[in-house]
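> I am sharing target.txt, which consists of compact mmCIF, C-alpha atoms:
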```txt
# COMPACT_ATOMS: atom_id res chain seq x y z
CA MET A 51 -20.70 -22.11 3.91
CA ASP A 52 -19.52 -19.52 1.40
CA LYS A 53 -16.08 -20.43 -0.09
CA ARG A 54 -14.43 -17.24 1.05
CA GLU A 55 -15.88 -17.54 4.53
CA ARG A 56 -14.46 -21.06 4.84
CA ILE A 57 -11.02 -19.88 3.68
CA VAL A 58 -10.74 -16.94 6.08
CA ARG A 59 -12.05 -18.95 9.04
CA ARG A 60 -9.34 -21.55 8.48
CA ILE A 61 -6.62 -18.90 8.16
CA ALA A 62 -7.76 -17.26 11.40
CA ARG A 63 -6.74 -20.49 13.18
CA GLU A 64 -3.11 -19.76 12.17
CA LEU A 65 -3.03 -16.62 14.33
CA HIS A 66 -1.03 -16.59 17.55
CA ASP A 67 -1.57 -14.41 20.58
CA GLY A 68 0.56 -11.28 20.28
CA ASP A 69 1.01 -11.49 16.49
CA TYR A 70 1.43 -8.36 14.37
CA VAL A 71 -0.51 -9.15 11.19
CA ASN A 72 -0.95 -7.48 7.82
CA LEU A 73 -4.11 -8.43 5.91
CA GLY A 74 -4.26 -7.76 2.17
CA ILE A 75 -7.14 -6.05 0.39
CA GLY A 76 -10.37 -7.98 -0.25
CA MET A 77 -10.85 -11.51 1.10
CA PRO A 78 -7.77 -11.39 3.41
CA THR A 79 -9.30 -8.43 5.28
CA MET A 80 -12.15 -10.76 6.35
CA VAL A 81 -9.73 -12.83 8.48
CA ALA A 82 -10.10 -10.10 11.11
CA ASN A 83 -13.74 -11.12 11.63
CA HIS A 84 -12.73 -14.58 12.89
CA VAL A 85 -9.92 -14.06 15.37
CA PRO A 86 -10.31 -16.92 17.89
CA PRO A 87 -11.26 -16.10 21.48
CA GLY A 88 -8.25 -15.53 23.73
CA ILE A 89 -6.04 -14.48 20.79
CA ASP A 90 -5.06 -10.82 20.80
CA ILE A 91 -3.47 -9.61 17.56
CA THR A 92 -2.46 -6.18 16.24
CA LEU A 93 -3.34 -5.36 12.65
CA HIS A 94 -0.80 -3.49 10.54
CA SER A 95 -1.94 -1.30 7.66
CA GLU A 96 0.88 -0.36 5.30
CA ASN A 97 -0.28 3.22 4.85
CA GLY A 98 1.03 3.85 8.37
CA MET A 99 -0.97 2.34 11.22
CA LEU A 100 -0.72 -0.40 13.84
CA GLY A 101 -3.89 -1.29 15.70
CA VAL A 102 -6.58 -1.10 13.01
CA GLY A 103 -10.10 -1.13 14.46
CA PRO A 104 -13.47 -2.00 12.89
CA TYR A 105 -15.35 0.09 10.34
CA PRO A 106 -16.81 3.22 11.97
CA LEU A 107 -20.40 3.97 12.81
CA GLU A 108 -21.84 6.70 10.58
CA SER A 109 -21.24 9.14 13.46
CA GLU A 110 -17.55 8.18 13.78
CA ILE A 111 -16.46 8.64 10.14
CA ASP A 112 -13.06 10.34 9.84
CA PRO A 113 -11.60 10.82 6.33
CA ASP A 114 -8.09 11.04 7.82
CA LEU A 115 -8.33 7.42 8.96
CA VAL A 116 -8.24 4.74 6.25
CA ASN A 117 -6.73 1.27 5.82
CA ALA A 118 -4.58 0.05 2.93
CA GLY A 119 -7.74 -0.68 0.92
CA LYS A 120 -8.74 3.01 1.35
CA GLU A 121 -11.68 1.92 3.49
CA ILE A 122 -12.46 4.16 6.45
CA VAL A 123 -11.67 2.44 9.74
CA THR A 124 -11.34 3.31 13.42
CA GLU A 125 -8.51 3.34 15.93
CA LEU A 126 -8.26 1.26 19.10
CA PRO A 127 -6.68 1.89 22.49
CA GLY A 128 -2.97 1.39 21.73
CA THR A 129 -3.11 2.39 18.07
CA SER A 130 -0.02 4.10 16.60
CA TYR A 131 0.56 6.06 13.39
CA PHE A 132 3.76 6.43 11.36
CA SER A 133 4.97 7.37 7.88
CA SER A 134 5.04 5.11 4.81
CA ALA A 135 8.84 4.91 5.11
CA ASP A 136 8.58 3.68 8.72
CA SER A 137 5.76 1.35 7.79
CA PHE A 138 7.80 -0.46 5.18
CA ALA A 139 10.94 -0.46 7.30
CA MET A 140 8.78 -2.43 9.73
CA VAL A 141 7.73 -4.79 6.95
CA ARG A 142 11.13 -5.38 5.32
CA GLY A 143 12.84 -5.51 8.70
CA GLY A 144 10.97 -8.70 9.62
CA HIS A 145 8.84 -7.19 12.39
CA ILE A 146 5.49 -8.31 10.98
CA ASP A 147 4.68 -11.88 11.97
CA MET A 148 2.26 -12.76 9.22
CA THR A 149 0.72 -11.41 6.05
CA VAL A 150 -2.33 -12.81 4.27
CA LEU A 151 -2.56 -12.03 0.56
CA GLY A 152 -4.59 -13.06 -2.45
CA ALA A 153 -3.03 -14.74 -5.51
CA LEU A 154 -3.51 -15.21 -9.22
CA GLU A 155 -0.93 -18.06 -9.27
CA VAL A 156 1.30 -19.87 -6.79
CA ASP A 157 3.80 -22.57 -7.68
CA GLU A 158 5.72 -25.49 -6.18
CA ASP A 159 8.69 -23.30 -5.24
CA GLY A 160 6.49 -20.88 -3.32
CA ASN A 161 6.71 -18.28 -6.07
CA LEU A 162 3.76 -15.90 -6.12
CA ALA A 163 2.08 -13.91 -8.90
CA ASN A 164 -0.65 -11.53 -7.75
CA TRP A 165 -0.19 -8.06 -9.18
CA THR A 166 -0.60 -7.96 -12.95
CA VAL A 167 -1.95 -9.76 -15.99
CA PRO A 168 -0.06 -8.23 -18.93
CA GLY A 169 -2.46 -6.64 -21.40
CA LYS A 170 -5.48 -7.20 -19.15
CA MET A 171 -5.02 -5.92 -15.63
CA MET A 172 -2.82 -2.96 -14.82
CA LYS A 173 -3.08 -2.04 -11.18
CA GLY A 174 0.44 -2.13 -9.76
CA MET A 175 1.99 -4.08 -6.94
CA GLY A 176 1.29 -1.59 -4.17
CA GLY A 177 2.93 -2.99 -1.03
CA ALA A 178 2.69 -6.67 -1.97
CA MET A 179 6.32 -7.10 -3.10
CA ASP A 180 7.60 -5.62 0.17
CA LEU A 181 5.21 -7.68 2.28
CA VAL A 182 6.25 -11.01 0.73
CA ALA A 183 9.92 -10.05 1.02
CA GLY A 184 9.68 -9.07 4.67
CA ALA A 185 6.83 -10.70 6.60
CA LYS A 186 7.92 -13.72 8.65
CA ARG A 187 5.06 -15.84 7.33
CA VAL A 188 3.17 -15.43 4.03
CA ILE A 189 -0.22 -17.14 3.77
CA ILE A 190 -2.18 -17.11 0.52
CA ALA A 191 -5.97 -16.87 0.67
CA MET A 192 -7.55 -17.77 -2.65
CA GLU A 193 -10.12 -19.90 -4.42
CA HIS A 194 -8.50 -23.15 -5.55
CA THR A 195 -9.15 -22.63 -9.28
CA THR A 196 -10.17 -19.81 -11.62
CA LYS A 197 -13.84 -19.18 -12.38
CA ASP A 198 -13.53 -21.47 -15.45
CA GLY A 199 -11.90 -24.21 -13.38
CA GLY A 200 -8.37 -23.41 -14.54
CA HIS A 201 -5.44 -24.22 -12.25
CA LYS A 202 -3.98 -21.50 -10.04
CA ILE A 203 -1.60 -23.76 -8.13
CA LEU A 204 1.02 -24.64 -10.73
CA LYS A 205 4.40 -26.30 -11.27
CA GLN A 206 5.67 -22.89 -12.33
CA CYS A 207 3.97 -19.48 -12.36
CA ALA A 208 3.42 -18.02 -15.84
CA LEU A 209 2.44 -14.48 -14.82
CA PRO A 210 4.96 -11.82 -13.68
CA LEU A 211 6.06 -12.63 -10.14
CA THR A 212 5.49 -10.70 -6.94
CA GLY A 213 8.28 -12.59 -5.19
CA THR A 214 10.34 -15.76 -5.48
CA LYS A 215 10.22 -18.54 -2.86
CA VAL A 216 8.10 -16.42 -0.53
CA VAL A 217 4.88 -18.36 0.18
CA HIS A 218 4.65 -20.53 3.32
CA MET A 219 1.06 -21.76 3.16
CA ILE A 220 -1.85 -21.79 0.72
CA VAL A 221 -5.44 -21.95 2.01
CA THR A 222 -8.31 -22.53 -0.43
CA GLU A 223 -11.90 -23.70 -0.04
CA LEU A 224 -10.61 -27.23 -0.77
CA ALA A 225 -7.28 -27.54 0.97
CA VAL A 226 -4.55 -26.34 3.30
CA ILE A 227 -1.17 -26.73 1.60
CA ASP A 228 2.26 -26.17 3.12
CA VAL A 229 5.08 -24.99 0.86
CA THR A 230 8.17 -26.96 1.93
CA PRO A 231 11.67 -27.37 0.48
CA LYS A 232 10.49 -30.76 -0.87
CA GLY A 233 7.42 -29.29 -2.55
CA LEU A 234 3.75 -28.76 -1.80
CA VAL A 235 2.45 -30.86 1.10
CA LEU A 236 -1.30 -31.44 1.40
CA ARG A 237 -1.92 -30.90 5.09
CA GLU A 238 -5.72 -30.72 5.28
CA ILE A 239 -8.69 -31.07 2.95
CA ALA A 240 -12.19 -29.65 3.28
CA SER A 241 -14.79 -31.84 4.98
CA ASP A 242 -16.77 -32.26 1.74
CA THR A 243 -13.98 -33.18 -0.70
CA THR A 244 -11.45 -35.96 -1.40
CA VAL A 245 -7.70 -36.08 -1.92
CA ASP A 246 -8.28 -37.09 -5.54
CA ALA A 247 -10.60 -34.15 -6.16
CA VAL A 248 -8.04 -31.76 -4.68
CA LYS A 249 -5.26 -33.27 -6.81
CA LYS A 250 -7.39 -32.89 -9.92
CA ALA A 251 -7.98 -29.21 -9.16
CA THR A 252 -4.24 -28.63 -8.69
CA GLY A 253 -1.73 -28.10 -11.50
CA ALA A 254 1.27 -29.10 -9.37
CA THR A 255 2.46 -32.21 -7.54
CA LEU A 256 0.85 -32.53 -4.11
CA LEU A 257 2.75 -34.62 -1.56
CA VAL A 258 0.49 -36.54 0.81
CA ASN A 259 1.89 -37.95 4.06
CA GLY A 260 -0.79 -40.26 5.42
CA GLU A 261 -4.41 -39.16 5.73
CA PRO A 262 -4.71 -35.34 5.59
CA GLY A 263 -6.66 -33.61 8.34
CA ARG A 264 -10.12 -32.15 7.71
CA PHE A 265 -11.34 -28.58 8.05
CA MET B 256 11.76 33.89 9.00
CA ASP B 257 8.10 33.73 8.06
CA LYS B 258 7.37 30.92 5.61
CA VAL B 259 3.68 31.64 5.20
CA LEU B 260 2.28 32.20 1.70
CA ARG B 261 -1.19 33.63 1.15
CA SER B 262 -2.58 30.94 -1.09
CA ALA B 263 -2.03 27.71 -3.01
CA GLU B 264 -2.05 29.81 -6.21
CA GLU B 265 0.94 31.82 -4.98
CA ALA B 266 2.73 28.56 -4.07
CA VAL B 267 2.27 26.74 -7.38
CA ALA B 268 3.37 29.82 -9.33
CA LEU B 269 6.88 28.75 -8.26
CA ILE B 270 6.61 25.50 -10.26
CA PRO B 271 7.79 25.72 -13.90
CA ASP B 272 6.76 23.52 -16.82
CA GLY B 273 8.78 20.30 -16.89
CA ALA B 274 9.34 20.14 -13.12
CA THR B 275 9.52 16.90 -11.13
CA VAL B 276 6.89 17.11 -8.40
CA MET B 277 6.21 14.77 -5.48
CA CYS B 278 2.62 14.65 -4.21
CA GLY B 279 1.87 13.26 -0.76
CA GLY B 280 -1.20 11.17 0.03
CA PHE B 281 -2.33 7.58 0.06
CA GLY B 282 -5.24 7.30 -2.31
CA LEU B 283 -7.22 10.41 -1.46
CA CYS B 284 -6.20 10.44 2.24
CA GLY B 285 -3.70 13.08 3.35
CA LEU B 286 -3.73 14.66 -0.09
CA PRO B 287 -2.44 18.22 -0.73
CA GLU B 288 -5.73 18.88 -2.46
CA ASN B 289 -5.53 22.69 -2.57
CA LEU B 290 -2.05 22.68 -4.11
CA ILE B 291 -3.01 20.05 -6.69
CA LYS B 292 -6.15 21.96 -7.66
CA ALA B 293 -4.13 25.17 -8.01
CA LEU B 294 -1.53 23.38 -10.16
CA HIS B 295 -4.38 22.04 -12.28
CA ASP B 296 -5.96 25.50 -12.65
CA ARG B 297 -2.61 27.07 -13.55
CA GLY B 298 -2.10 24.48 -16.29
CA THR B 299 1.59 23.81 -15.67
CA ARG B 300 2.70 21.20 -18.20
CA ASP B 301 5.13 18.32 -18.87
CA LEU B 302 5.27 17.40 -15.20
CA THR B 303 6.93 14.30 -13.80
CA ILE B 304 4.83 13.24 -10.82
CA ILE B 305 6.03 11.00 -7.98
CA SER B 306 3.04 9.84 -5.95
CA ASN B 307 1.85 6.54 -4.48
CA ASN B 308 -1.28 6.70 -6.67
CA PRO B 309 -2.46 8.78 -9.64
CA GLY B 310 -5.64 9.72 -7.75
CA VAL B 311 -9.06 9.02 -9.20
CA ASP B 312 -10.43 10.31 -12.51
CA ASP B 313 -11.60 13.67 -11.18
CA PHE B 314 -9.70 14.22 -7.92
CA GLY B 315 -6.15 14.40 -6.66
CA VAL B 316 -3.33 13.75 -9.13
CA GLY B 317 -6.05 12.43 -11.46
CA MET B 318 -7.03 16.05 -12.19
CA LEU B 319 -3.54 16.70 -13.60
CA VAL B 320 -3.62 13.45 -15.57
CA ARG B 321 -6.99 14.24 -17.09
CA LYS B 322 -5.83 17.68 -18.23
CA LYS B 323 -2.75 16.08 -19.86
CA GLN B 324 -0.33 17.99 -17.62
CA VAL B 325 1.61 14.87 -16.67
CA LYS B 326 4.38 13.51 -18.90
CA LYS B 327 5.54 10.76 -16.58
CA ILE B 328 4.48 9.25 -13.28
CA TYR B 329 6.10 7.07 -10.62
CA ALA B 330 3.54 5.19 -8.49
CA SER B 331 3.00 1.88 -6.72
CA TYR B 332 -0.70 1.38 -7.38
CA VAL B 333 -2.72 2.80 -10.27
CA GLY B 334 -5.89 0.73 -10.04
CA GLU B 335 -8.45 3.45 -9.31
CA ASN B 336 -8.01 5.73 -12.32
CA LYS B 337 -9.55 4.76 -15.67
CA GLU B 338 -8.31 7.84 -17.53
CA PHE B 339 -4.76 7.12 -16.39
CA GLU B 340 -5.14 3.53 -17.60
CA ARG B 341 -6.45 4.76 -20.96
CA GLN B 342 -3.50 7.15 -21.42
CA ALA B 343 -1.02 4.48 -20.32
CA ILE B 344 -2.34 1.88 -22.78
CA ALA B 345 -2.46 4.50 -25.56
CA GLY B 346 1.16 5.45 -24.82
CA GLU B 347 0.16 9.03 -23.99
CA ILE B 348 1.75 8.95 -20.53
CA GLU B 349 4.97 7.31 -19.31
CA TYR B 350 4.84 5.44 -16.06
CA THR B 351 7.08 3.42 -13.76
CA LEU B 352 5.54 1.16 -11.15
CA VAL B 353 7.64 1.02 -7.98
CA PRO B 354 6.88 -1.27 -5.01
CA GLN B 355 5.39 0.90 -2.29
CA GLY B 356 8.13 0.27 0.27
CA THR B 357 10.83 0.82 -2.33
CA LEU B 358 9.13 4.05 -3.39
CA ALA B 359 9.09 5.31 0.21
CA GLU B 360 12.70 4.26 0.82
CA ARG B 361 13.99 5.76 -2.46
CA ILE B 362 12.41 9.06 -1.42
CA ARG B 363 13.82 8.70 2.10
CA ALA B 364 17.28 7.98 0.64
CA ALA B 365 17.10 11.14 -1.48
CA GLY B 366 16.25 13.25 1.56
CA ALA B 367 18.87 11.60 3.75
CA GLY B 368 21.83 11.84 1.36
CA ILE B 369 22.01 8.09 0.70
CA GLY B 370 23.36 7.13 -2.72
CA GLY B 371 21.38 3.90 -2.98
CA PHE B 372 20.43 0.83 -0.95
CA PHE B 373 20.06 -2.93 -1.31
CA THR B 374 16.54 -4.22 -0.68
CA PRO B 375 15.10 -7.75 -0.84
CA THR B 376 11.90 -6.34 -2.35
CA GLY B 377 11.36 -7.31 -5.98
CA TYR B 378 14.30 -9.72 -6.25
CA GLY B 379 13.62 -12.20 -9.06
CA THR B 380 10.78 -10.08 -10.50
CA ILE B 381 10.58 -7.64 -13.40
CA VAL B 382 11.22 -4.84 -10.91
CA ALA B 383 14.83 -6.07 -10.59
CA GLU B 384 15.47 -6.29 -14.34
CA GLY B 385 18.61 -4.37 -15.33
CA LYS B 386 19.52 -3.60 -11.73
CA GLU B 387 22.58 -4.65 -9.77
CA THR B 388 21.92 -7.50 -7.33
CA ARG B 389 24.04 -8.77 -4.46
CA VAL B 390 24.02 -11.64 -1.99
CA ILE B 391 24.50 -10.37 1.57
CA ASP B 392 24.60 -12.93 4.38
CA GLY B 393 23.04 -15.50 2.07
CA ARG B 394 20.12 -13.32 1.02
CA ASN B 395 19.41 -11.76 -2.37
CA TYR B 396 19.10 -7.99 -2.66
CA VAL B 397 18.44 -5.45 -5.44
CA LEU B 398 20.16 -2.06 -5.68
CA GLU B 399 17.68 0.82 -5.69
CA LEU B 400 18.64 4.46 -6.21
CA PRO B 401 17.32 7.64 -4.57
CA LEU B 402 14.39 9.52 -6.05
CA HIS B 403 14.73 13.32 -5.93
CA ALA B 404 12.26 16.03 -6.91
CA ASP B 405 12.26 19.73 -7.68
CA PHE B 406 9.13 20.29 -5.58
CA ALA B 407 7.19 18.35 -2.98
CA LEU B 408 3.51 19.16 -2.42
CA ILE B 409 2.54 17.87 0.97
CA LYS B 410 -0.41 17.97 3.35
CA ALA B 411 0.07 18.28 7.09
CA TYR B 412 -2.43 18.97 9.86
CA LYS B 413 -0.89 21.98 11.61
CA ALA B 414 2.15 24.15 11.00
CA ASP B 415 3.81 26.90 12.93
CA THR B 416 5.13 29.88 10.97
CA ARG B 417 8.64 28.38 11.03
CA GLY B 418 7.40 25.40 9.00
CA ASN B 419 7.33 22.78 11.75
CA LEU B 420 4.59 20.27 10.91
CA THR B 421 2.31 17.82 12.69
CA TYR B 422 0.09 15.22 11.04
CA ARG B 423 -3.19 13.56 11.84
CA LYS B 424 -3.82 9.79 11.81
CA THR B 425 -3.23 8.00 8.48
CA ALA B 426 -3.13 11.32 6.62
CA ARG B 427 0.60 11.23 7.42
CA ASN B 428 1.61 8.46 4.93
CA PHE B 429 4.13 9.70 2.32
CA ASN B 430 4.02 13.37 3.38
CA PRO B 431 6.91 13.50 5.92
CA VAL B 432 9.32 11.55 3.75
CA MET B 433 8.52 13.59 0.62
CA ALA B 434 9.04 16.79 2.62
CA THR B 435 12.72 15.80 2.92
CA ALA B 436 13.42 14.88 -0.70
CA ALA B 437 12.66 17.94 -2.83
CA LYS B 438 14.61 21.12 -3.49
CA VAL B 439 11.49 23.09 -2.50
CA THR B 440 8.80 21.70 -0.20
CA LEU B 441 5.40 23.39 -0.22
CA ALA B 442 3.19 22.33 2.68
CA GLU B 443 -0.52 22.99 2.96
CA VAL B 444 -2.15 22.67 6.38
CA GLU B 445 -5.49 23.09 8.10
CA GLU B 446 -4.20 25.53 10.70
CA ILE B 447 -1.16 27.79 11.07
CA VAL B 448 -0.08 28.74 14.59
CA GLU B 449 2.61 30.89 16.17
CA PRO B 450 5.95 29.28 17.14
CA GLY B 451 5.66 27.69 20.57
CA LYS B 452 2.05 26.61 20.06
CA LEU B 453 3.00 23.15 18.78
CA ASP B 454 4.41 20.65 21.27
CA PRO B 455 8.06 20.30 20.13
CA ASP B 456 7.88 16.57 20.94
CA ALA B 457 4.90 16.15 18.60
CA ILE B 458 6.58 17.73 15.54
CA VAL B 459 7.13 15.08 12.85
CA THR B 460 8.57 17.28 10.10
CA PRO B 461 10.99 19.92 11.43
CA GLY B 462 10.88 23.24 9.61
CA VAL B 463 14.33 22.79 8.07
CA TYR B 464 12.70 20.68 5.35
CA VAL B 465 9.89 23.10 4.54
CA ALA B 466 10.28 26.17 2.27
CA HIS B 467 6.73 27.50 2.33
CA ILE B 468 3.46 26.83 4.10
CA LEU B 469 -0.09 27.89 3.41
CA LYS B 470 -3.49 27.31 4.89
CA GLY B 471 -5.71 25.25 2.59
CA ALA B 472 -8.75 27.31 1.54
CA HIS B 473 -11.10 24.31 1.44
CA TYR B 474 -10.92 20.60 2.22
CA ASP B 475 -13.15 18.07 0.49
CA LYS B 476 -11.34 15.11 2.11
CA ARG B 477 -13.13 12.79 -0.24
CA ILE B 478 -13.67 9.23 1.00
CA GLU B 479 -12.91 6.42 -1.46
CA ARG B 480 -14.63 3.54 0.35
CA ARG B 481 -17.37 4.53 2.73
CA THR B 482 -17.36 1.42 4.90
CA VAL B 483 -19.63 1.89 7.90
CA ARG B 484 -21.08 -0.55 10.37
CA GLN B 485 -24.48 -0.45 12.02
CA LEU B 486 -24.89 -0.29 15.76
CA GLN B 487 -25.67 -3.85 16.84
CA ALA B 488 -28.62 -4.37 19.19
CA VAL B 489 -27.35 -6.22 22.24
```
Please render this file's structure as structure tokens.


Amino acid sequence: MDKRERIVRRIARELHDGDYVNLGIGMPTMVANHVPPGIDITLHSENGMLGVGPYPLESEIDPDLVNAGKEIVTELPGTSYFSSADSFAMVRGGHIDMTVLGALEVDEDGNLANWTVPGKMMKGMGGAMDLVAGAKRVIIAMEHTTKDGGHKILKQCALPLTGTKVVHMIVTELAVIDVTPKGLVLREIASDTTVDAVKKATGATLLVNGEPGRF
Amino acid sequence: MDKVLRSAEEAVALIPDGATVMCGGFGLCGLPENLIKALHDRGTRDLTIISNNPGVDDFGVGMLVRKKQVKKIYASYVGENKEFERQAIAGEIEYTLVPQGTLAERIRAAGAGIGGFFTPTGYGTIVAEGKETRVIDGRNYVLELPLHADFALIKAYKADTRGNLTYRKTARNFNPVMATAAKVTLAEVEEIVEPGKLDPDAIVTPGVYVAHILKGAHYDKRIERRTVRQLQAV
């Protein structure tokens, strides 16, 4: 299975019935394709919408209806619209149960860097700093290492931070890692890897309590 | 009390060089595209722009950037505009990146007469550098100040002649909050109706915030990401 597909399928298992969920741009958006049967969630889009539906058919395209990635989407029965100020009040106020975001780096303290690489990538933080400050649970969806095999899970982030002590869980194609006050706990590993291989691909201390589960 | 202007050209003639101007819209959705185009055509210079995004290279706020009309910009996300990036790296344009929720709340604070607020957003990051911080009930917060403007250019769906506004779907975004935060709010809409024709319960921006309204001459409503699905055979 494709790495990203494996990551988003695993994250979808963290959803609870009734959750209000914000999915970041790119890979996190794909979590919506794998909501387990019997689980009914409401997707929040920070540009001012609760109840984001699927992409439209050609005949349903409406330029006044986009998600936070500026993709055209549809509404569902029960959708609501509101302003950007209301949308972020909702986020900071702790009303969103979970957000799934990508990362450039995450560290042992749950610090996250995902919005800029000085001198290389200038995009801006968009809503990410508000989401990590306000969502009840922050899950990171990312590939375990960089394209050259460099570590992304580190003792300490080197890039400018998005938030401090904000990440609750990291899901990669190799592992499910909980961020705890004691450090990073290896909870599950992929069915085709080993604890040693995961440790080698990780630039931080991984705590292992017994045999990790498989996914 | 008729607030209707004839055209976007008449509206932007009010804006002098050096003005601070808010522009509604999220990406290209809910964009005051007629007002921005008129401001571009008029060539007003040395503007400070407050907008979630700088548009794309050839549309939205990007048109003002490309014509070098913008001295400084406040935005949360600038990833879709190569010319903006070029000017920023070359030092030809000043910019301040503001987290999106903080941007919205700073604008809201300006419109609501709030002198500042403590937010958890950005604590411990470069966004908080040089700002007052405070621990409240065991949590860390950063002091953020209101963001005012001389003019707000906003896009609504319908207006009545008294300036009451309604919005449509996600084209609402920053428009209602910006309408409250400028000395002069100029609103462009798709349809202007007589008072009484809008459901008073459906009005999002009451006319007290709006100085002038105009009907947009033409709407491109450009789509940034044309994501469509195919009808699945069952």

> Residues near A:Gly263, anyone? I mean within 8 Å using all atoms listed in the file, not counting same-chain ones fewer than 4 positions away, as an MDAnalysis selection string.

chainID A and resid 237:239

> Rounded to one decimal in Å, what is the spacing between atom CA of A:Lys202 and atom CA of A:Gly176?

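Atom CA of A:Gly176 lies at a distance of 21.4 Å from atom CA of A:Lys202.
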
> Pull out every residue of chain A sitting within 9 Å of chain B, counting all atoms listed in the file, and send them as an mmCIF file with C-alpha atoms, keeping the file's coordinate frame.


```cif
data_model
loop_
_atom_site.group_PDB
_atom_site.id
_atom_site.type_symbol
_atom_site.label_atom_id
_atom_site.label_comp_id
_atom_site.auth_asym_id
_atom_site.auth_seq_id
_atom_site.Cartn_x
_atom_site.Cartn_y
_atom_site.Cartn_z
ATOM 1 C CA GLU A 96 0.880 -0.360 5.300
ATOM 2 C CA ASN A 97 -0.280 3.220 4.850
ATOM 3 C CA GLY A 98 1.030 3.850 8.370
ATOM 4 C CA MET A 99 -0.970 2.340 11.220
ATOM 5 C CA PRO A 104 -13.470 -2.000 12.890
ATOM 6 C CA TYR A 105 -15.350 0.090 10.340
ATOM 7 C CA PRO A 106 -16.810 3.220 11.970
ATOM 8 C CA LEU A 107 -20.400 3.970 12.810
ATOM 9 C CA GLU A 108 -21.840 6.700 10.580
ATOM 10 C CA GLU A 110 -17.550 8.180 13.780
ATOM 11 C CA ILE A 111 -16.460 8.640 10.140
ATOM 12 C CA ASP A 112 -13.060 10.340 9.840
ATOM 13 C CA PRO A 113 -11.600 10.820 6.330
ATOM 14 C CA ASP A 114 -8.090 11.040 7.820
ATOM 15 C CA LEU A 115 -8.330 7.420 8.960
ATOM 16 C CA VAL A 116 -8.240 4.740 6.250
ATOM 17 C CA ASN A 117 -6.730 1.270 5.820
ATOM 18 C CA ALA A 118 -4.580 0.050 2.930
ATOM 19 C CA GLY A 119 -7.740 -0.680 0.920
ATOM 20 C CA LYS A 120 -8.740 3.010 1.350
ATOM 21 C CA GLU A 121 -11.680 1.920 3.490
ATOM 22 C CA ILE A 122 -12.460 4.160 6.450
ATOM 23 C CA VAL A 123 -11.670 2.440 9.740
ATOM 24 C CA GLU A 125 -8.510 3.340 15.930
ATOM 25 C CA SER A 130 -0.020 4.100 16.600
ATOM 26 C CA TYR A 131 0.560 6.060 13.390
ATOM 27 C CA PHE A 132 3.760 6.430 11.360
ATOM 28 C CA SER A 133 4.970 7.370 7.880
ATOM 29 C CA SER A 134 5.040 5.110 4.810
ATOM 30 C CA ALA A 135 8.840 4.910 5.110
ATOM 31 C CA ASP A 136 8.580 3.680 8.720
ATOM 32 C CA SER A 137 5.760 1.350 7.790
ATOM 33 C CA PHE A 138 7.800 -0.460 5.180
ATOM 34 C CA ALA A 139 10.940 -0.460 7.300
ATOM 35 C CA VAL A 141 7.730 -4.790 6.950
ATOM 36 C CA ARG A 142 11.130 -5.380 5.320
ATOM 37 C CA GLY A 169 -2.460 -6.640 -21.400
ATOM 38 C CA MET A 171 -5.020 -5.920 -15.630
ATOM 39 C CA MET A 172 -2.820 -2.960 -14.820
ATOM 40 C CA LYS A 173 -3.080 -2.040 -11.180
ATOM 41 C CA GLY A 174 0.440 -2.130 -9.760
ATOM 42 C CA MET A 175 1.990 -4.080 -6.940
ATOM 43 C CA GLY A 176 1.290 -1.590 -4.170
ATOM 44 C CA GLY A 177 2.930 -2.990 -1.030
ATOM 45 C CA ALA A 178 2.690 -6.670 -1.970
ATOM 46 C CA MET A 179 6.320 -7.100 -3.100
ATOM 47 C CA ASP A 180 7.600 -5.620 0.170
ATOM 48 C CA LEU A 181 5.210 -7.680 2.280
ATOM 49 C CA VAL A 182 6.250 -11.010 0.730
ATOM 50 C CA ALA A 183 9.920 -10.050 1.020
ATOM 51 C CA GLY A 184 9.680 -9.070 4.670
ATOM 52 C CA PRO A 210 4.960 -11.820 -13.680
ATOM 53 C CA LEU A 211 6.060 -12.630 -10.140
ATOM 54 C CA THR A 212 5.490 -10.700 -6.940
ATOM 55 C CA GLY A 213 8.280 -12.590 -5.190
ATOM 56 C CA THR A 214 10.340 -15.760 -5.480
#
```

> Just how far from atom CA of A:Leu209 is atom CA of A:Gly144, in Å to one decimal?

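Computed distance, atom CA of A:Gly144 to atom CA of A:Leu209, equals 26.5 Å.
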
> Pick out the residues sitting within 6 Å of A:Gly160, and hand them over as number ranges by chain; count all atoms listed in the file, and ignore anything fewer than 2 positions along from it in its own chain.

A: 157-158, 215-217

> So how far away is atom CA of A:Thr166 from atom CA of A:Gly200, in Å?

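Result for atom CA of A:Gly200 versus atom CA of A:Thr166: 17.4 Å, one decimal.
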
> Pick from A:Val156, A:Met192, A:Leu224, A:Val248: nearest to A:Ala208, with all atoms listed in the file counted?

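Ranking A:Val156, A:Met192, A:Leu224, A:Val248 by distance to A:Ala208, first place goes to A:Val156.
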
> Using only C-alpha atoms - which residues lie no farther than 6 Å from the point (4.4, 21.9, -1.8) in the file's frame? Write them as a list in words.

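Protein and nucleic acid residues near the point are Ala407, Leu408, Ile409, Thr440, Leu441 and Ala442 of chain B.
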
> Do a neighbour search on A:Glu223 at 7 Å with only C-alpha atoms, toss out local chain neighbours closer than 6 positions, and write the hits as an mmCIF file with C-alpha atoms, in the coordinates of the input.


```
data_model
loop_
_atom_site.group_PDB
_atom_site.id
_atom_site.type_symbol
_atom_site.label_atom_id
_atom_site.label_comp_id
_atom_site.auth_asym_id
_atom_site.auth_seq_id
_atom_site.Cartn_x
_atom_site.Cartn_y
_atom_site.Cartn_z
ATOM 1 C CA LYS A 53 -16.080 -20.430 -0.090
ATOM 2 C CA ARG A 56 -14.460 -21.060 4.840
ATOM 3 C CA ILE A 57 -11.020 -19.880 3.680
ATOM 4 C CA GLU A 193 -10.120 -19.900 -4.420
ATOM 5 C CA HIS A 194 -8.500 -23.150 -5.550
ATOM 6 C CA ALA A 240 -12.190 -29.650 3.280
#
```
